[in-house]
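Have a look at query_31.cif; it's mmCIF, C-alpha atoms:
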```cif
data_data
#
loop_
_atom_site.label_atom_id
_atom_site.label_comp_id
_atom_site.auth_asym_id
_atom_site.auth_seq_id
_atom_site.Cartn_x
_atom_site.Cartn_y
_atom_site.Cartn_z
CA MET A 1 20.78 53.52 -36.93
CA THR A 2 18.49 51.49 -39.17
CA GLN A 3 19.36 47.81 -39.42
CA GLU A 4 20.01 46.15 -42.75
CA PRO A 5 17.20 43.82 -43.95
CA VAL A 6 19.35 40.73 -43.41
CA ASP A 7 20.09 41.82 -39.83
CA ASP A 8 16.35 42.20 -39.22
CA ILE A 9 15.80 38.70 -40.60
CA VAL A 10 18.54 37.24 -38.38
CA ASP A 11 16.93 38.86 -35.32
CA ALA A 12 13.56 37.53 -36.40
CA THR A 13 15.05 34.05 -36.77
CA TYR A 14 16.15 34.19 -33.13
CA CYS A 15 12.61 35.05 -32.02
CA ALA A 16 11.03 32.39 -34.23
CA LEU A 17 13.44 29.71 -32.98
CA CYS A 18 12.57 30.54 -29.39
CA LYS A 19 8.83 30.37 -30.08
CA HIS A 20 8.63 27.39 -32.41
CA GLY A 21 11.85 25.38 -32.13
CA TYR A 22 13.91 24.18 -35.08
CA ALA A 23 11.61 21.41 -36.29
CA GLU A 24 8.41 23.47 -36.32
CA MET A 25 9.80 26.81 -37.43
CA THR A 26 8.83 27.92 -40.93
CA MET A 27 9.83 30.79 -43.18
CA GLN A 28 6.40 32.26 -42.51
CA ASN A 29 7.10 32.23 -38.76
CA ILE A 30 10.28 34.20 -39.39
CA ALA A 31 8.48 36.62 -41.71
CA ASP A 32 5.87 37.23 -39.02
CA GLU A 33 8.59 38.27 -36.56
CA CYS A 34 10.02 40.97 -38.82
CA ASP A 35 6.87 42.21 -40.57
CA LYS A 36 8.14 41.07 -43.94
CA SER A 37 6.45 38.87 -46.47
CA LYS A 38 7.57 35.32 -47.01
CA ALA A 39 8.48 36.35 -50.56
CA ALA A 40 10.78 39.06 -49.14
CA LEU A 41 12.62 36.44 -47.11
CA HIS A 42 13.07 34.28 -50.19
CA TYR A 43 14.53 37.29 -51.99
CA HIS A 44 17.48 37.12 -49.55
CA PHE A 45 17.52 33.38 -48.81
CA ASP A 46 16.64 30.45 -51.05
CA SER A 47 15.59 28.23 -48.13
CA LYS A 48 15.24 27.92 -44.38
CA GLN A 49 18.57 26.10 -44.35
CA ALA A 50 20.34 28.98 -46.09
CA LEU A 51 18.80 31.43 -43.62
CA LEU A 52 19.92 29.30 -40.67
CA GLU A 53 23.45 29.17 -42.07
CA THR A 54 23.55 32.98 -41.99
CA PHE A 55 21.99 32.96 -38.52
CA LEU A 56 24.69 30.60 -37.22
CA ASP A 57 27.39 32.76 -38.81
CA ALA A 58 26.00 35.80 -36.97
CA LEU A 59 25.90 33.86 -33.69
CA LEU A 60 29.50 32.75 -34.16
CA ASP A 61 30.67 36.31 -34.86
CA ASN A 62 28.91 37.51 -31.70
CA PHE A 63 30.30 34.62 -29.65
CA GLU A 64 33.85 35.28 -30.86
CA ASP A 65 33.57 38.97 -30.03
CA ASN A 66 32.27 38.27 -26.53
CA ILE A 67 34.89 35.73 -25.50
CA ALA A 68 37.73 37.63 -27.16
CA ASP A 69 37.05 40.70 -25.00
CA LEU A 70 36.52 39.29 -21.50
CA ASP A 71 36.66 41.22 -18.24
CA GLY A 72 39.56 40.50 -15.91
CA ASP A 73 43.04 41.76 -15.01
CA ASP A 74 44.77 38.43 -15.66
CA PRO A 75 44.19 35.20 -17.63
CA VAL A 76 42.59 33.36 -14.71
CA GLU A 77 40.06 36.11 -14.05
CA ARG A 78 39.24 36.09 -17.76
CA LEU A 79 38.84 32.29 -17.66
CA PHE A 80 36.36 32.63 -14.80
CA HIS A 81 34.42 35.23 -16.78
CA LEU A 82 34.41 32.99 -19.86
CA VAL A 83 32.86 30.19 -17.79
CA GLU A 84 30.30 32.63 -16.40
CA TYR A 85 29.44 33.86 -19.90
CA VAL A 86 28.96 30.37 -21.38
CA LEU A 87 26.91 29.17 -18.41
CA THR A 88 24.59 32.17 -18.34
CA PRO A 89 21.30 31.48 -20.14
CA PRO A 90 20.30 34.02 -22.78
CA ALA A 91 17.54 36.29 -21.51
CA ASP A 92 14.34 37.78 -22.87
CA ASP A 93 13.95 41.55 -23.07
CA ASP A 94 12.56 41.56 -19.53
CA GLY A 95 15.58 39.64 -18.20
CA THR A 96 13.82 36.28 -17.93
CA PRO A 97 16.20 33.40 -18.78
CA ASP A 98 15.41 32.22 -22.30
CA ALA A 99 15.71 28.44 -22.07
CA GLU A 100 13.80 28.07 -25.33
CA PHE A 101 16.72 29.45 -27.31
CA LYS A 102 19.18 26.94 -25.89
CA THR A 103 16.64 24.22 -26.67
CA ALA A 104 16.47 25.43 -30.27
CA ILE A 105 20.27 25.45 -30.55
CA LEU A 106 20.39 21.92 -29.17
CA GLU A 107 17.91 20.93 -31.88
CA LEU A 108 20.21 22.49 -34.47
CA LYS A 109 23.14 20.54 -33.04
CA ALA A 110 21.12 17.36 -33.42
CA GLN A 111 20.99 18.06 -37.17
CA ALA A 112 24.77 18.32 -37.47
CA PRO A 113 25.37 14.62 -38.26
CA TYR A 114 23.03 14.96 -41.24
CA GLU A 115 23.71 18.52 -42.42
CA SER A 116 27.36 19.29 -43.17
CA VAL A 117 26.73 23.04 -43.29
CA TYR A 118 25.48 23.01 -39.71
CA ARG A 119 28.27 20.70 -38.60
CA LYS A 120 30.90 23.02 -40.09
CA ARG A 121 29.55 26.04 -38.25
CA LEU A 122 28.94 24.29 -34.92
CA THR A 123 32.44 22.81 -35.12
CA ALA A 124 33.75 26.37 -35.50
CA PHE A 125 32.05 27.29 -32.18
CA ASP A 126 33.77 24.39 -30.44
CA GLU A 127 37.16 25.08 -31.98
CA TYR A 128 37.10 28.77 -31.13
CA LEU A 129 36.00 28.12 -27.55
CA CYS A 130 38.69 25.48 -27.09
CA ALA A 131 41.39 27.73 -28.55
CA ARG A 132 40.38 30.64 -26.31
CA ILE A 133 40.49 28.49 -23.17
CA GLU A 134 43.83 27.00 -24.22
CA THR A 135 45.31 30.48 -24.66
CA LEU A 136 44.06 31.63 -21.26
CA VAL A 137 45.50 28.55 -19.53
CA ALA A 138 48.85 28.91 -21.32
CA ASP A 139 48.98 32.61 -20.41
CA GLY A 140 48.15 31.67 -16.82
CA ILE A 141 51.10 29.28 -16.74
CA ASP A 142 53.40 31.96 -18.17
CA GLU A 143 52.31 34.39 -15.46
CA GLY A 144 52.80 31.84 -12.67
CA LEU A 145 49.10 31.58 -11.86
CA VAL A 146 48.38 28.10 -13.27
CA VAL A 147 50.30 24.96 -12.34
CA ALA A 148 53.07 24.52 -14.91
CA GLU A 149 52.46 20.78 -15.25
CA ARG A 150 48.96 21.30 -16.62
CA ASP A 151 48.69 20.80 -20.36
CA PRO A 152 46.72 23.75 -21.83
CA GLU A 153 45.28 21.67 -24.67
CA ASP A 154 44.05 18.92 -22.34
CA VAL A 155 42.59 21.45 -19.89
CA ALA A 156 40.82 23.28 -22.72
CA THR A 157 39.34 20.06 -24.07
CA PHE A 158 38.09 19.09 -20.61
CA ILE A 159 36.53 22.48 -19.85
CA LYS A 160 34.93 22.74 -23.29
CA THR A 161 33.46 19.23 -22.92
CA TYR A 162 32.17 20.09 -19.43
CA LEU A 163 30.55 23.31 -20.65
CA THR A 164 28.87 21.51 -23.55
CA GLY A 165 27.56 18.84 -21.20
CA ALA A 166 26.26 21.43 -18.75
CA GLN A 167 24.35 23.20 -21.54
CA THR A 168 22.85 19.93 -22.77
CA ARG A 169 21.87 18.94 -19.24
CA PHE A 170 20.21 22.32 -18.69
CA VAL A 171 18.09 21.86 -21.81
CA ALA A 172 17.33 18.16 -21.38
CA THR A 173 16.59 18.03 -17.65
CA GLY A 174 16.32 21.62 -16.45
CA ALA A 175 19.39 21.18 -14.22
CA PRO A 176 20.34 24.67 -13.02
CA PHE A 177 23.53 26.25 -14.32
CA GLU A 178 24.44 27.36 -10.80
CA GLU A 179 25.50 23.85 -9.80
CA SER A 180 27.55 23.29 -12.95
CA HIS A 181 29.10 26.75 -12.54
CA ARG A 182 30.05 26.14 -8.91
CA LEU A 183 31.67 22.77 -9.63
CA LEU A 184 33.70 24.05 -12.57
CA VAL A 185 34.90 27.06 -10.60
CA GLU A 186 35.96 24.70 -7.82
CA TYR A 187 37.87 22.57 -10.35
CA ILE A 188 39.73 25.62 -11.63
CA ARG A 189 40.55 26.84 -8.14
CA THR A 190 41.75 23.49 -6.77
CA GLU A 191 43.23 21.76 -9.81
CA LEU A 192 44.66 24.55 -11.94
CA LEU A 193 45.75 27.42 -9.74
CA VAL A 194 49.14 27.56 -8.10
CA ASP A 195 48.95 27.33 -4.29
CA GLY A 196 48.45 30.76 -2.79
CA VAL A 197 46.92 32.31 -5.90
CA ASN A 198 43.65 33.96 -4.91
CA VAL A 199 41.57 35.36 -7.74
CA ASP A 200 38.79 37.64 -6.54
CA VAL A 201 35.95 37.60 -9.04
CA SER A 202 32.81 38.77 -7.29
CA GLU A 203 30.43 37.14 -9.76
CA VAL A 204 31.99 33.71 -9.27
CA PRO A 205 30.50 31.57 -6.49
CA ALA A 206 32.83 30.86 -3.59
#
```
Write the structure described by the file as structure tokens, please.
Amino acid sequence: MTQEPVDDIVDATYCALCKHGYAEMTMQNIADECDKSKAALHYHFDSKQALLETFLDALLDNFEDNIADLDGDDPVERLFHLVEYVLTPPADDDGTPDAEFKTAILELKAQAPYESVYRKRLTAFDEYLCARIETLVADGIDEGLVVAERDPEDVATFIKTYLTGAQTRFVATGAPFEESHRLLVEYIRTELLVDGVNVDVSEVPA
């Protein structure tokens, strides 16, 4: 099925961000990635900022879809898969981890204090992630899998903050996600799960 022009432009924005980063990316760079003229881009978007707003909206929709429909037979398995999803770098077409994209997103986050439209959309990412984790933890308590004394809101805030820090560390220092993944999984296993609960998720490090 043929993509709509705006969808093509959003895909091209992803490629241009990976190649050039936020600061250096131009409308011409985006046009080059989708074989459209710069004038054609301006027909749909008044500015690079307006285009990036649409791009962030598309990312948020995709993110919400992915963490709403997680693998797993119970809330804890789904929580493990959520952690795995967030701590898996995006990949190029050949499967190579695409660190450049996370760098570009970090650059966009750096603009949030100065650009309210970016801040609004990036805040929506955080709020949705936190709400999803909170629901999984609360459901885990209801099913007797998570320690009843744990506060779902506090746990969600902690895990969200940890995940954000792990992503920033990956971009800033190249620290591998494997270490961050292993430590967070260990936290969930030892601090959240009721004694005797054994969740077998093959993708999760032991």
So that I can see what lies close to Ala68 of chain A, please list as a ChimeraX atom specification the residues with an atom at most 9 Å from it, counting only C-alpha atoms and leaving out residues fewer than 4 positions away in the same chain. /A:63-64,132
Nearest residue to Arg189 of chain A out of A:Leu145, A:Leu70, A:Ile133, A:Val117, using all atoms listed in the file? A:Leu145
Any chance you could work out the residue set of the PyMOL selection byres ((chain A and resi 73-82) around 12) here, as a PyMOL selection string? chain A and resi 63-72+83-88+129-130+132-147+155-156+159-160+163+181-182+184-189+192-194+197-206
Write the selection just made, keeping C-alpha atoms, as a PDB file, in the frame of the given file?
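Okay, this is what ended up in selection_24.pdb:
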```pdb
ATOM      1  CA  PHE A  63      30.300  34.620 -29.650  1.00  0.00           C
ATOM      2  CA  GLU A  64      33.850  35.280 -30.860  1.00  0.00           C
ATOM      3  CA  ASP A  65      33.570  38.970 -30.030  1.00  0.00           C
ATOM      4  CA  ASN A  66      32.270  38.270 -26.530  1.00  0.00           C
ATOM      5  CA  ILE A  67      34.890  35.730 -25.500  1.00  0.00           C
ATOM      6  CA  ALA A  68      37.730  37.630 -27.160  1.00  0.00           C
ATOM      7  CA  ASP A  69      37.050  40.700 -25.000  1.00  0.00           C
ATOM      8  CA  LEU A  70      36.520  39.290 -21.500  1.00  0.00           C
ATOM      9  CA  ASP A  71      36.660  41.220 -18.240  1.00  0.00           C
ATOM     10  CA  GLY A  72      39.560  40.500 -15.910  1.00  0.00           C
ATOM     11  CA  VAL A  83      32.860  30.190 -17.790  1.00  0.00           C
ATOM     12  CA  GLU A  84      30.300  32.630 -16.400  1.00  0.00           C
ATOM     13  CA  TYR A  85      29.440  33.860 -19.900  1.00  0.00           C
ATOM     14  CA  VAL A  86      28.960  30.370 -21.380  1.00  0.00           C
ATOM     15  CA  LEU A  87      26.910  29.170 -18.410  1.00  0.00           C
ATOM     16  CA  THR A  88      24.590  32.170 -18.340  1.00  0.00           C
ATOM     17  CA  LEU A 129      36.000  28.120 -27.550  1.00  0.00           C
ATOM     18  CA  CYS A 130      38.690  25.480 -27.090  1.00  0.00           C
ATOM     19  CA  ARG A 132      40.380  30.640 -26.310  1.00  0.00           C
ATOM     20  CA  ILE A 133      40.490  28.490 -23.170  1.00  0.00           C
ATOM     21  CA  GLU A 134      43.830  27.000 -24.220  1.00  0.00           C
ATOM     22  CA  THR A 135      45.310  30.480 -24.660  1.00  0.00           C
ATOM     23  CA  LEU A 136      44.060  31.630 -21.260  1.00  0.00           C
ATOM     24  CA  VAL A 137      45.500  28.550 -19.530  1.00  0.00           C
ATOM     25  CA  ALA A 138      48.850  28.910 -21.320  1.00  0.00           C
ATOM     26  CA  ASP A 139      48.980  32.610 -20.410  1.00  0.00           C
ATOM     27  CA  GLY A 140      48.150  31.670 -16.820  1.00  0.00           C
ATOM     28  CA  ILE A 141      51.100  29.280 -16.740  1.00  0.00           C
ATOM     29  CA  ASP A 142      53.400  31.960 -18.170  1.00  0.00           C
ATOM     30  CA  GLU A 143      52.310  34.390 -15.460  1.00  0.00           C
ATOM     31  CA  GLY A 144      52.800  31.840 -12.670  1.00  0.00           C
ATOM     32  CA  LEU A 145      49.100  31.580 -11.860  1.00  0.00           C
ATOM     33  CA  VAL A 146      48.380  28.100 -13.270  1.00  0.00           C
ATOM     34  CA  VAL A 147      50.300  24.960 -12.340  1.00  0.00           C
ATOM     35  CA  VAL A 155      42.590  21.450 -19.890  1.00  0.00           C
ATOM     36  CA  ALA A 156      40.820  23.280 -22.720  1.00  0.00           C
ATOM     37  CA  ILE A 159      36.530  22.480 -19.850  1.00  0.00           C
ATOM     38  CA  LYS A 160      34.930  22.740 -23.290  1.00  0.00           C
ATOM     39  CA  LEU A 163      30.550  23.310 -20.650  1.00  0.00           C
ATOM     40  CA  HIS A 181      29.100  26.750 -12.540  1.00  0.00           C
ATOM     41  CA  ARG A 182      30.050  26.140  -8.910  1.00  0.00           C
ATOM     42  CA  LEU A 184      33.700  24.050 -12.570  1.00  0.00           C
ATOM     43  CA  VAL A 185      34.900  27.060 -10.600  1.00  0.00           C
ATOM     44  CA  GLU A 186      35.960  24.700  -7.820  1.00  0.00           C
ATOM     45  CA  TYR A 187      37.870  22.570 -10.350  1.00  0.00           C
ATOM     46  CA  ILE A 188      39.730  25.620 -11.630  1.00  0.00           C
ATOM     47  CA  ARG A 189      40.550  26.840  -8.140  1.00  0.00           C
ATOM     48  CA  LEU A 192      44.660  24.550 -11.940  1.00  0.00           C
ATOM     49  CA  LEU A 193      45.750  27.420  -9.740  1.00  0.00           C
ATOM     50  CA  VAL A 194      49.140  27.560  -8.100  1.00  0.00           C
ATOM     51  CA  VAL A 197      46.920  32.310  -5.900  1.00  0.00           C
ATOM     52  CA  ASN A 198      43.650  33.960  -4.910  1.00  0.00           C
ATOM     53  CA  VAL A 199      41.570  35.360  -7.740  1.00  0.00           C
ATOM     54  CA  ASP A 200      38.790  37.640  -6.540  1.00  0.00           C
ATOM     55  CA  VAL A 201      35.950  37.600  -9.040  1.00  0.00           C
ATOM     56  CA  SER A 202      32.810  38.770  -7.290  1.00  0.00           C
ATOM     57  CA  GLU A 203      30.430  37.140  -9.760  1.00  0.00           C
ATOM     58  CA  VAL A 204      31.990  33.710  -9.270  1.00  0.00           C
ATOM     59  CA  PRO A 205      30.500  31.570  -6.490  1.00  0.00           C
ATOM     60  CA  ALA A 206      32.830  30.860  -3.590  1.00  0.00           C
TER      61      ALA A 206
END
```
As JSON: centre and edge lengths in Å, one decimal, of the axis-aligned box holding segment 128-143 of chain A with 3 Å per side:
```
{"center_x": 44.7, "center_y": 29.9, "center_z": -23.3, "size_x": 23.4, "size_y": 14.9, "size_z": 21.7}
```
Using only C-alpha atoms, which protein or nucleic acid residues come within 7 Å of segment 22-31 of chain A? Drop anything in the same chain fewer than 5 positions from it, and give the result as a list in words.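 Listed by chain and then number, they are Ala12, Thr13, Ala16, Leu17, Lys36, Ser37, Lys38, Leu41, Lys48, Ala104, Glu107 and Leu108 of chain A.
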How many Å separate atom CA of Ile9 of chain A from atom CA of Ile105 of chain A? 17.2 Å
How many Å lie between atom CA of Leu106 of chain A and atom CA of Val171 of chain A, rounded to one decimal?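 For atom CA of Leu106 of chain A relative to atom CA of Val171 of chain A, the distance reads 7.7 Å.
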Go through A:Arg121, A:Ala172, A:Arg150, A:Val6 one by one, measure the shortest atom-to-atom distance of each to His42 of chain A using only C-alpha atoms, and give the residue with the smallest value.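 Checking each candidate against His42 of chain A, we get A:Val6 as the closest.
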Report the distance between atom CA of Ala166 of chain A and atom CA of Ser180 of chain A in Å, rounded to one decimal place. 6.2 Å
Measuring atom to atom with only C-alpha atoms, identify which of A:Phe125, A:Phe170, A:Lys109, A:Ala50 is nearest to Asn62 of chain A.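 Going through A:Phe125, A:Phe170, A:Lys109, A:Ala50 one by one, the smallest distance to Asn62 of chain A is for A:Phe125.
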Quick one: of A:Glu191, A:Asp57, A:Glu33, A:Asp126, who's nearest to Asp151 of chain A, counting all atoms listed in the file?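 Smallest separation from Asp151 of chain A among the options: A:Glu191.
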Nearest candidate to Cys18 of chain A (options A:Ala40, A:Ala175, A:Thr164, A:Thr103; using all atoms listed in the file):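 For Cys18 of chain A, the nearest of the given residues is A:Thr103.
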My structure is short of atoms at segment 152-168 of chain A; please model N, CA, C and O atoms there, returning them as an mmCIF file, keeping the file's coordinate frame.
```cif
data_model
loop_
_atom_site.group_PDB
_atom_site.id
_atom_site.type_symbol
_atom_site.label_atom_id
_atom_site.label_comp_id
_atom_site.auth_asym_id
_atom_site.auth_seq_id
_atom_site.Cartn_x
_atom_site.Cartn_y
_atom_site.Cartn_z
ATOM 1 N N PRO A 152 47.806 22.848 -21.431
ATOM 2 C CA PRO A 152 46.720 23.750 -21.830
ATOM 3 C C PRO A 152 45.713 23.115 -22.792
ATOM 4 O O PRO A 152 44.505 23.355 -22.677
ATOM 5 N N GLU A 153 46.196 22.298 -23.715
ATOM 6 C CA GLU A 153 45.280 21.670 -24.670
ATOM 7 C C GLU A 153 44.342 20.692 -23.985
ATOM 8 O O GLU A 153 43.140 20.671 -24.258
ATOM 9 N N ASP A 154 44.892 19.880 -23.065
ATOM 10 C CA ASP A 154 44.050 18.920 -22.340
ATOM 11 C C ASP A 154 43.037 19.644 -21.453
ATOM 12 O O ASP A 154 41.858 19.246 -21.373
ATOM 13 N N VAL A 155 43.491 20.688 -20.761
ATOM 14 C CA VAL A 155 42.590 21.450 -19.890
ATOM 15 C C VAL A 155 41.471 22.081 -20.720
ATOM 16 O O VAL A 155 40.284 22.035 -20.343
ATOM 17 N N ALA A 156 41.824 22.650 -21.872
ATOM 18 C CA ALA A 156 40.820 23.280 -22.720
ATOM 19 C C ALA A 156 39.805 22.271 -23.217
ATOM 20 O O ALA A 156 38.595 22.551 -23.236
ATOM 21 N N THR A 157 40.259 21.100 -23.603
ATOM 22 C CA THR A 157 39.340 20.060 -24.070
ATOM 23 C C THR A 157 38.392 19.641 -22.949
ATOM 24 O O THR A 157 37.184 19.483 -23.166
ATOM 25 N N PHE A 158 38.929 19.490 -21.743
ATOM 26 C CA PHE A 158 38.090 19.090 -20.610
ATOM 27 C C PHE A 158 37.038 20.153 -20.296
ATOM 28 O O PHE A 158 35.846 19.842 -20.150
ATOM 29 N N ILE A 159 37.471 21.419 -20.203
ATOM 30 C CA ILE A 159 36.530 22.480 -19.850
ATOM 31 C C ILE A 159 35.478 22.655 -20.938
ATOM 32 O O ILE A 159 34.283 22.818 -20.646
ATOM 33 N N LYS A 160 35.890 22.607 -22.202
ATOM 34 C CA LYS A 160 34.930 22.740 -23.290
ATOM 35 C C LYS A 160 33.906 21.606 -23.235
ATOM 36 O O LYS A 160 32.699 21.833 -23.401
ATOM 37 N N THR A 161 34.369 20.384 -22.999
ATOM 38 C CA THR A 161 33.460 19.230 -22.920
ATOM 39 C C THR A 161 32.508 19.387 -21.739
ATOM 40 O O THR A 161 31.305 19.104 -21.847
ATOM 41 N N TYR A 162 33.013 19.864 -20.620
ATOM 42 C CA TYR A 162 32.170 20.090 -19.430
ATOM 43 C C TYR A 162 31.105 21.137 -19.730
ATOM 44 O O TYR A 162 29.921 20.945 -19.406
ATOM 45 N N LEU A 163 31.506 22.243 -20.348
ATOM 46 C CA LEU A 163 30.550 23.310 -20.650
ATOM 47 C C LEU A 163 29.458 22.820 -21.599
ATOM 48 O O LEU A 163 28.278 23.122 -21.413
ATOM 49 N N THR A 164 29.853 22.055 -22.605
ATOM 50 C CA THR A 164 28.870 21.510 -23.550
ATOM 51 C C THR A 164 27.895 20.584 -22.836
ATOM 52 O O THR A 164 26.678 20.640 -23.067
ATOM 53 N N GLY A 165 28.422 19.744 -21.959
ATOM 54 C CA GLY A 165 27.560 18.840 -21.200
ATOM 55 C C GLY A 165 26.615 19.579 -20.276
ATOM 56 O O GLY A 165 25.439 19.204 -20.137
ATOM 57 N N ALA A 166 27.107 20.645 -19.648
ATOM 58 C CA ALA A 166 26.260 21.430 -18.750
ATOM 59 C C ALA A 166 25.118 22.089 -19.510
ATOM 60 O O ALA A 166 23.971 22.137 -19.036
ATOM 61 N N GLN A 167 25.406 22.580 -20.729
ATOM 62 C CA GLN A 167 24.350 23.200 -21.540
ATOM 63 C C GLN A 167 23.313 22.164 -21.961
ATOM 64 O O GLN A 167 22.106 22.419 -21.906
ATOM 65 N N THR A 168 23.777 20.988 -22.362
ATOM 66 C CA THR A 168 22.850 19.930 -22.770
ATOM 67 C C THR A 168 21.995 19.479 -21.595
ATOM 68 O O THR A 168 20.781 19.274 -21.733
#
```
